[in-house]
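Visitor: Quick one, upload.txt (compact mmCIF, C-alpha atoms):
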# COMPACT_ATOMS: atom_id res chain seq x y z
CA MET A 1 29.06 9.56 9.41
CA THR A 2 26.17 10.76 11.57
CA ARG A 3 24.69 7.98 13.64
CA ILE A 4 20.92 7.55 13.46
CA PRO A 5 19.34 7.70 16.93
CA VAL A 6 18.01 4.36 18.15
CA TRP A 7 14.51 5.74 18.67
CA LYS A 8 14.49 6.90 15.04
CA SER A 9 15.44 3.41 13.85
CA ILE A 10 12.54 1.96 15.85
CA THR A 11 10.19 4.55 14.35
CA THR A 12 11.33 3.66 10.84
CA GLU A 13 10.85 -0.05 11.51
CA LEU A 14 7.34 0.40 12.92
CA GLU A 15 6.35 2.81 10.15
CA GLY A 16 7.47 0.26 7.57
CA GLU A 17 5.44 -2.49 9.24
CA ILE A 18 2.37 -0.24 9.20
CA ALA A 19 2.94 0.59 5.51
CA ARG A 20 3.18 -3.13 4.68
CA GLY A 21 -0.13 -3.81 6.42
CA LEU A 22 1.28 -5.75 9.36
CA TYR A 23 -0.59 -3.26 11.55
CA ARG A 24 -3.80 -1.98 9.99
CA PRO A 25 -5.87 1.13 10.80
CA GLY A 26 -7.37 0.68 14.26
CA ASP A 27 -4.89 -2.04 15.30
CA LYS A 28 -3.12 -1.73 18.63
CA LEU A 29 0.68 -1.48 18.58
CA PRO A 30 2.88 -3.37 21.07
CA THR A 31 3.29 -1.71 24.44
CA GLU A 32 6.38 0.25 25.47
CA ALA A 33 7.51 -2.76 27.52
CA GLU A 34 7.07 -5.10 24.55
CA LEU A 35 8.94 -2.76 22.22
CA SER A 36 11.71 -2.41 24.79
CA ARG A 37 12.19 -6.18 24.86
CA ARG A 38 11.99 -6.51 21.09
CA PHE A 39 14.57 -3.82 20.31
CA GLY A 40 16.71 -4.15 23.45
CA VAL A 41 16.19 -0.57 24.60
CA ASN A 42 14.80 1.16 27.66
CA ARG A 43 11.17 2.26 27.82
CA HIS A 44 12.08 5.92 27.41
CA THR A 45 13.54 5.16 23.97
CA ALA A 46 10.47 3.14 22.97
CA ARG A 47 8.22 5.93 24.24
CA ARG A 48 10.07 8.51 22.13
CA ALA A 49 9.64 6.35 19.01
CA LEU A 50 5.87 6.10 19.61
CA ALA A 51 5.68 9.83 20.33
CA ASP A 52 7.29 10.58 16.96
CA LEU A 53 4.71 8.42 15.17
CA ALA A 54 1.93 10.16 17.09
CA ALA A 55 3.28 13.63 16.27
CA ARG A 56 3.06 12.77 12.56
CA GLY A 57 -0.47 11.42 12.87
CA ILE A 58 0.45 7.80 12.10
CA VAL A 59 -0.76 6.52 15.48
CA ASN A 60 -2.86 7.88 18.31
CA SER A 61 -2.65 7.18 22.02
CA ARG A 62 -5.75 6.41 24.09
CA ARG A 63 -5.38 6.81 27.81
CA GLY A 64 -5.53 3.50 29.59
CA ALA A 65 -5.91 1.57 26.32
CA GLY A 66 -2.65 1.87 24.39
CA VAL A 67 -1.36 3.16 21.07
CA PHE A 68 -3.34 2.48 17.89
CA VAL A 69 -2.74 2.92 14.18
CA THR A 70 -4.73 5.92 13.07
CA ALA A 71 -7.93 4.99 11.26
CA ALA A 72 -9.41 7.12 8.50
CA PRO A 73 -12.10 9.45 9.87
CA LEU A 74 -15.57 7.97 9.49
CA ASP A 75 -18.24 9.90 7.61
CA TYR A 76 -21.16 10.86 9.86
CA PRO A 77 -24.19 12.30 8.01
CA ILE A 78 -26.32 14.90 9.76
CA GLY A 79 -29.70 15.54 8.14
CA GLY A 80 -33.41 15.21 8.73
CA LYS A 81 -32.92 11.77 10.24
CA VAL A 82 -29.78 10.98 12.24
CA ARG A 83 -29.35 7.40 13.45
CA PHE A 84 -26.10 6.75 15.26
CA ALA A 85 -26.04 2.97 14.92
CA GLN A 86 -26.94 3.05 11.22
CA ASN A 87 -24.29 5.70 10.51
CA ILE A 88 -21.56 3.66 12.18
CA ARG A 89 -22.61 0.40 10.50
CA ALA A 90 -22.63 2.19 7.13
CA SER A 91 -18.95 2.98 7.69
CA GLY A 92 -18.25 -0.74 8.13
CA ARG A 93 -17.70 -0.50 11.89
CA LEU A 94 -19.53 -1.87 14.91
CA PRO A 95 -21.46 0.75 16.92
CA GLY A 96 -21.52 0.87 20.71
CA ARG A 97 -22.25 3.14 23.64
CA ARG A 98 -20.78 3.45 27.12
CA SER A 99 -23.11 4.94 29.72
CA LEU A 100 -21.73 7.51 32.16
CA ARG A 101 -24.98 8.46 33.90
CA ILE A 102 -28.76 8.21 33.65
CA GLU A 103 -30.70 10.49 35.99
CA THR A 104 -33.98 12.33 36.32
CA ARG A 105 -33.81 15.94 37.52
CA PRO A 106 -35.40 19.39 36.97
CA ALA A 107 -34.70 20.87 33.54
CA SER A 108 -32.31 23.77 33.18
CA THR A 109 -33.61 26.92 31.51
CA GLU A 110 -31.93 25.92 28.24
CA GLU A 111 -33.28 22.36 28.36
CA ALA A 112 -36.82 23.48 29.18
CA ALA A 113 -36.83 25.93 26.28
CA ALA A 114 -35.53 23.33 23.81
CA LEU A 115 -38.08 20.70 24.90
CA ALA A 116 -41.02 23.14 25.26
CA LEU A 117 -41.34 22.37 28.98
CA ALA A 118 -42.31 24.54 31.91
CA PRO A 119 -39.35 25.81 33.97
CA GLY A 120 -38.17 23.14 36.39
CA GLU A 121 -40.18 20.33 34.79
CA ALA A 122 -38.45 16.95 35.03
CA VAL A 123 -36.10 15.65 32.33
CA ILE A 124 -34.25 12.37 31.88
CA VAL A 125 -30.54 12.96 31.31
CA TYR A 126 -28.48 10.32 29.52
CA GLU A 127 -24.73 10.95 29.29
CA GLY A 128 -22.23 8.65 27.67
CA LEU A 129 -19.67 7.89 24.99
CA SER A 130 -20.43 6.86 21.42
CA LEU A 131 -18.11 4.12 20.13
CA ALA A 132 -17.05 2.73 16.77
CA GLU A 133 -15.26 -0.63 17.12
CA ASP A 134 -14.69 0.21 20.82
CA MET A 135 -13.02 3.52 19.88
CA PRO A 136 -14.67 6.57 21.49
CA ILE A 137 -15.72 8.98 18.76
CA ALA A 138 -18.00 11.30 20.73
CA HIS A 139 -19.19 12.40 24.18
CA PHE A 140 -22.93 13.06 24.37
CA ILE A 141 -25.54 14.41 26.80
CA SER A 142 -29.17 13.80 25.78
CA CYS A 143 -32.22 15.16 27.61
CA PHE A 144 -35.76 13.82 27.25
CA PRO A 145 -39.07 15.00 28.77
CA ALA A 146 -39.70 12.72 31.75
CA ALA A 147 -43.49 12.85 31.99
CA PRO A 148 -44.36 11.10 28.70
CA LEU A 149 -41.40 8.66 28.94
CA PRO A 150 -41.46 7.19 32.48
CA GLY A 151 -39.90 3.88 31.41
CA LEU A 152 -37.04 5.39 29.39
CA PRO A 153 -34.33 5.30 32.12
CA GLU A 154 -34.70 1.55 32.53
CA THR A 155 -34.84 0.97 28.77
CA LEU A 156 -31.63 2.94 28.24
CA THR A 157 -29.83 0.43 30.47
CA GLU A 158 -31.04 -2.42 28.27
CA VAL A 159 -30.40 -1.25 24.68
CA VAL A 160 -27.58 0.57 22.90
CA SER A 161 -29.80 2.42 20.45
CA ILE A 162 -31.62 5.56 21.58
CA THR A 163 -33.94 5.07 18.60
CA GLU A 164 -34.91 1.64 19.90
CA ALA A 165 -35.25 2.93 23.49
CA LEU A 166 -37.65 5.64 22.33
CA ARG A 167 -39.59 3.16 20.17
CA ARG A 168 -40.11 0.90 23.18
CA ASN A 169 -41.52 3.90 25.03
CA GLY A 170 -44.05 4.92 22.41
CA VAL A 171 -42.03 7.20 20.11
CA SER A 172 -42.28 5.37 16.80
CA ASP A 173 -40.04 7.79 14.90
CA TYR A 174 -38.37 11.18 15.17
CA THR A 175 -36.70 13.74 12.93
CA ARG A 176 -34.15 16.49 13.43
CA LEU A 177 -35.81 19.84 14.12
CA SER A 178 -32.61 21.88 14.43
CA THR A 179 -28.82 21.48 14.54
CA ARG A 180 -26.13 23.96 15.51
CA LEU A 181 -22.46 23.11 14.90
CA SER A 182 -19.42 24.76 16.41
CA ALA A 183 -15.78 24.05 17.16
CA THR A 184 -14.43 23.71 20.68
CA LEU A 185 -11.57 22.17 22.66
CA ALA A 186 -11.68 19.08 24.86
CA SER A 187 -11.93 19.69 28.58
CA PRO A 188 -9.66 17.60 30.83
CA THR A 189 -12.59 15.29 31.64
CA GLN A 190 -13.56 14.89 27.99
CA ALA A 191 -9.93 14.22 27.06
CA LEU A 192 -9.80 11.48 29.68
CA HIS A 193 -13.02 9.83 28.47
CA LEU A 194 -12.15 10.11 24.79
CA GLY A 195 -8.48 9.16 25.05
CA LEU A 196 -7.24 12.56 23.85
CA ARG A 197 -4.77 15.19 24.95
CA ASP A 198 -6.21 18.17 26.87
CA GLY A 199 -7.38 20.83 24.45
CA ALA A 200 -7.75 18.50 21.45
CA PRO A 201 -10.21 19.83 18.82
CA LEU A 202 -13.84 18.71 19.06
CA LEU A 203 -16.88 19.37 16.87
CA ARG A 204 -19.87 20.36 19.03
CA SER A 205 -23.40 19.62 17.87
CA GLU A 206 -26.48 21.05 19.62
CA SER A 207 -29.70 19.54 18.34
CA VAL A 208 -33.41 19.07 18.95
CA ASN A 209 -35.36 16.03 17.70
CA GLN A 210 -39.16 15.92 17.37
CA ASP A 211 -41.73 13.14 17.12
CA PRO A 212 -44.18 12.77 14.17
CA GLU A 213 -46.61 15.15 15.91
CA GLY A 214 -43.95 17.87 16.10
CA ARG A 215 -43.33 17.55 19.85
CA PRO A 216 -39.69 17.85 20.97
CA VAL A 217 -38.50 14.49 22.36
CA GLU A 218 -34.74 14.96 22.67
CA TYR A 219 -32.38 17.86 23.26
CA GLY A 220 -28.81 16.75 22.67
CA LEU A 221 -25.27 18.00 22.98
CA THR A 222 -22.59 15.92 21.26
CA TRP A 223 -18.85 16.53 21.11
CA PHE A 224 -17.30 14.61 18.19
CA VAL A 225 -13.56 13.87 18.10
CA GLY A 226 -12.35 16.01 15.20
CA GLU A 227 -9.66 13.60 14.03
CA ARG A 228 -12.00 10.57 14.05
CA VAL A 229 -15.22 11.92 12.50
CA THR A 230 -16.13 13.89 9.38
CA LEU A 231 -19.58 15.45 9.69
CA ILE A 232 -21.60 15.57 6.47
CA VAL A 233 -24.42 18.14 6.60
CA GLY A 234 -27.34 18.10 4.16
CA ASP A 235 -31.02 17.37 3.80
CA GLY A 236 -30.24 14.05 2.20
CA ALA A 237 -27.83 12.91 4.92
CA ASN A 238 -29.70 10.15 6.66
CA GLY A 239 -28.39 7.56 9.10
Written as structure tokens, how would this file's structure read?
Guide:
Amino acid sequence: MTRIPVWKSITTELEGEIARGLYRPGDKLPTEAELSRRFGVNRHTARRALADLAARGIVNSRRGAGVFVTAAPLDYPIGGKVRFAQNIRASGRLPGRRSLRIETRPASTEEAAALALAPGEAVIVYEGLSLAEDMPIAHFISCFPAAPLPGLPETLTEVVSITEALRRNGVSDYTRLSTRLSATLASPTQALHLGLRDGAPLLRSESVNQDPEGRPVEYGLTWFVGERVTLIVGDGANG
């Protein structure tokens, strides 16, 4: 009789516990050390069991955070109005953002064209991670014209919502002027930030938002984690 490898037995046990709801989508699994103690094996064996679950899409590993039961991708509408916080709350999850940098600098040629600025005019750059229940779902870089929004950098350190930050700086509302979607692969830095393997698939969105007077107020690049987000495109897709 062929003996079942120990790592396979651990995989079967964990998979059964996930199926019975002992670990739900988004829950963190025990660490390699904890599994080693529980099953009386070395960490290499526990690691192989977790790797098998990951290879079959049952769990996903986030660098520096642990191994989590795979959650169903959240629906993220993209339409005339896109509101990150509202979209995430509509999926039943808590929205959040992690800031990576806020700086004011001269606009690049691409940024100036998108925001209808003169070459080299100042822009506010806000880079960070978009979160759903503390899970990174996207890496974003947003650029805003600096001259009409002098207080925006400080406001962005105080509130999670870009919509609220703009409102506090005189932009009562905004709508999507254009969106371009494409597929790309995670760079090593993006993989590190998003808890992915290098080269994992991302959905890239390039967009321009305008205020009620038709003036561009935000040029944004967003890289969504393909396995965690389903983008829904349509005129009626509002956040």
Visitor: Can you tell me, as an mmCIF file with C-alpha atoms, in the frame of the given file, what residues are no more than 7 Å from Lys8 in chain A when counting all atoms listed in the file, ignoring any on the same chain fewer than 4 positions away?
Guide:
data_model
loop_
_atom_site.group_PDB
_atom_site.id
_atom_site.type_symbol
_atom_site.label_atom_id
_atom_site.label_comp_id
_atom_site.auth_asym_id
_atom_site.auth_seq_id
_atom_site.Cartn_x
_atom_site.Cartn_y
_atom_site.Cartn_z
ATOM 1 C CA ILE A 4 20.920 7.550 13.460
ATOM 2 C CA THR A 12 11.330 3.660 10.840
ATOM 3 C CA ALA A 49 9.640 6.350 19.010
#
Visitor: Near Gly220 in chain A, counting only C-alpha atoms, which residues have an atom at most 12 Å away, once you skip same-chain residues fewer than 4 positions from it, shown as a count of residues only?
Guide: 31
Visitor: CA of His193 in chain A and CA of Glu15 in chain A, how far apart in Å?
Guide: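 One can read the CA of Glu15 in chain A to CA of His193 in chain A distance as 27.6 Å.
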Visitor: If we count all atoms listed in the file, what is near Leu196 in chain A at a cut-off of 12 Å, once residues fewer than 2 positions away on the same chain are taken out, given as an MDAnalysis selection string?
Guide: chainID A and resid 54 60:67 135:139 185:194 198:202 224:228
Visitor: List the neighbours of Arg43 in chain A out to 8 Å using only C-alpha atoms; skip same-chain residues closer than 6 positions along the sequence, and give me the result as a ChimeraX atom specification.
Guide: /A:32-33,35-36
Visitor: Store the residues of this selection in a file with C-alpha atoms, as a compact mmCIF listing (two decimals), keeping the file's coordinate frame.
Guide:
# COMPACT_ATOMS: atom_id res chain seq x y z
CA GLU A 32 6.38 0.25 25.47
CA ALA A 33 7.51 -2.76 27.52
CA LEU A 35 8.94 -2.76 22.22
CA SER A 36 11.71 -2.41 24.79
Visitor: For Ser161 in chain A, list every protein, DNA or RNA residue within 12 Å, evaluated using only C-alpha atoms, and leave out those in the same chain fewer than 5 positions away; present the list as a list in words.
Guide: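 Once the nearby chain positions are removed, what remains is Val82, Arg83, Phe84, Ala85, Gln86, Asn87, Ile88, Pro95, Gly96, Arg97, Arg98, Ser99, Ser130, Leu131, Leu152, Thr155, Leu156, Leu166, Arg167 and Arg168 of chain A.
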Visitor: Please determine, counting all atoms listed in the file, which residue among A:Asn42, A:Ser108, A:Thr70, A:Thr163 has the shortest atom-to-atom distance to Gly26 in chain A.
Guide: A:Thr70
Visitor: Using all atoms listed in the file, which of the listed residues (A:Asp173, A:Glu17, A:Glu158, A:Glu133) sits closest to Val217 in chain A?
Guide: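 The answer is A:Asp173, which sits nearest to Val217 in chain A.
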Visitor: Take CA of Val41 in chain A and CA of Leu14 in chain A and report the distance between them in Å, one decimal.
Guide: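 A separation of 14.7 Å between them.
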Visitor: Please determine, counting only C-alpha atoms, which residue among A:Arg3, A:Thr11, A:Arg20, A:Pro106 has the shortest atom-to-atom distance to Val59 in chain A.
Guide: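 Among A:Arg3, A:Thr11, A:Arg20, A:Pro106, it is A:Thr11 that comes nearest to Val59 in chain A.
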Visitor: Which value, in Å to one decimal, gives the distance between CA of Pro30 in chain A and CA of Val229 in chain A?
Guide: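 Atom-to-atom, CA of Pro30 in chain A to CA of Val229 in chain A, that is 25.2 Å.
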Visitor: Taking into account all atoms listed in the file, which residue in the set A:Ala90, A:Pro145, A:Lys28, A:Thr109 is nearest to Ala122 in chain A?
Guide: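 The shortest atom-to-atom distance to Ala122 in chain A comes from A:Pro145.
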Visitor: For Glu121 in chain A, which residue among A:Ala107, A:Asp134, A:Arg215, A:Thr31 is the nearest when counting all atoms listed in the file?
Guide: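 Counting all atoms listed in the file, the residue closest to Glu121 in chain A is A:Ala107.
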Visitor: Determine the nearest neighbour of Pro77 in chain A from the options A:Ser182, A:Arg89, A:Arg105, A:Ile232, counting all atoms listed in the file.
Guide: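 Of A:Ser182, A:Arg89, A:Arg105, A:Ile232, the one nearest Pro77 in chain A, counting all atoms listed in the file, is A:Ile232.
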Visitor: Draw an axis-aligned box tight on the listed atoms of range 95-103 of chain A, then pad every side by 8 Å and write out centre and edge lengths in Å to one decimal as AutoDock Vina command-line options.
Guide:
--center_x -25.7 --center_y 5.6 --center_z 26.5 --size_x 25.9 --size_y 25.7 --size_z 35.1
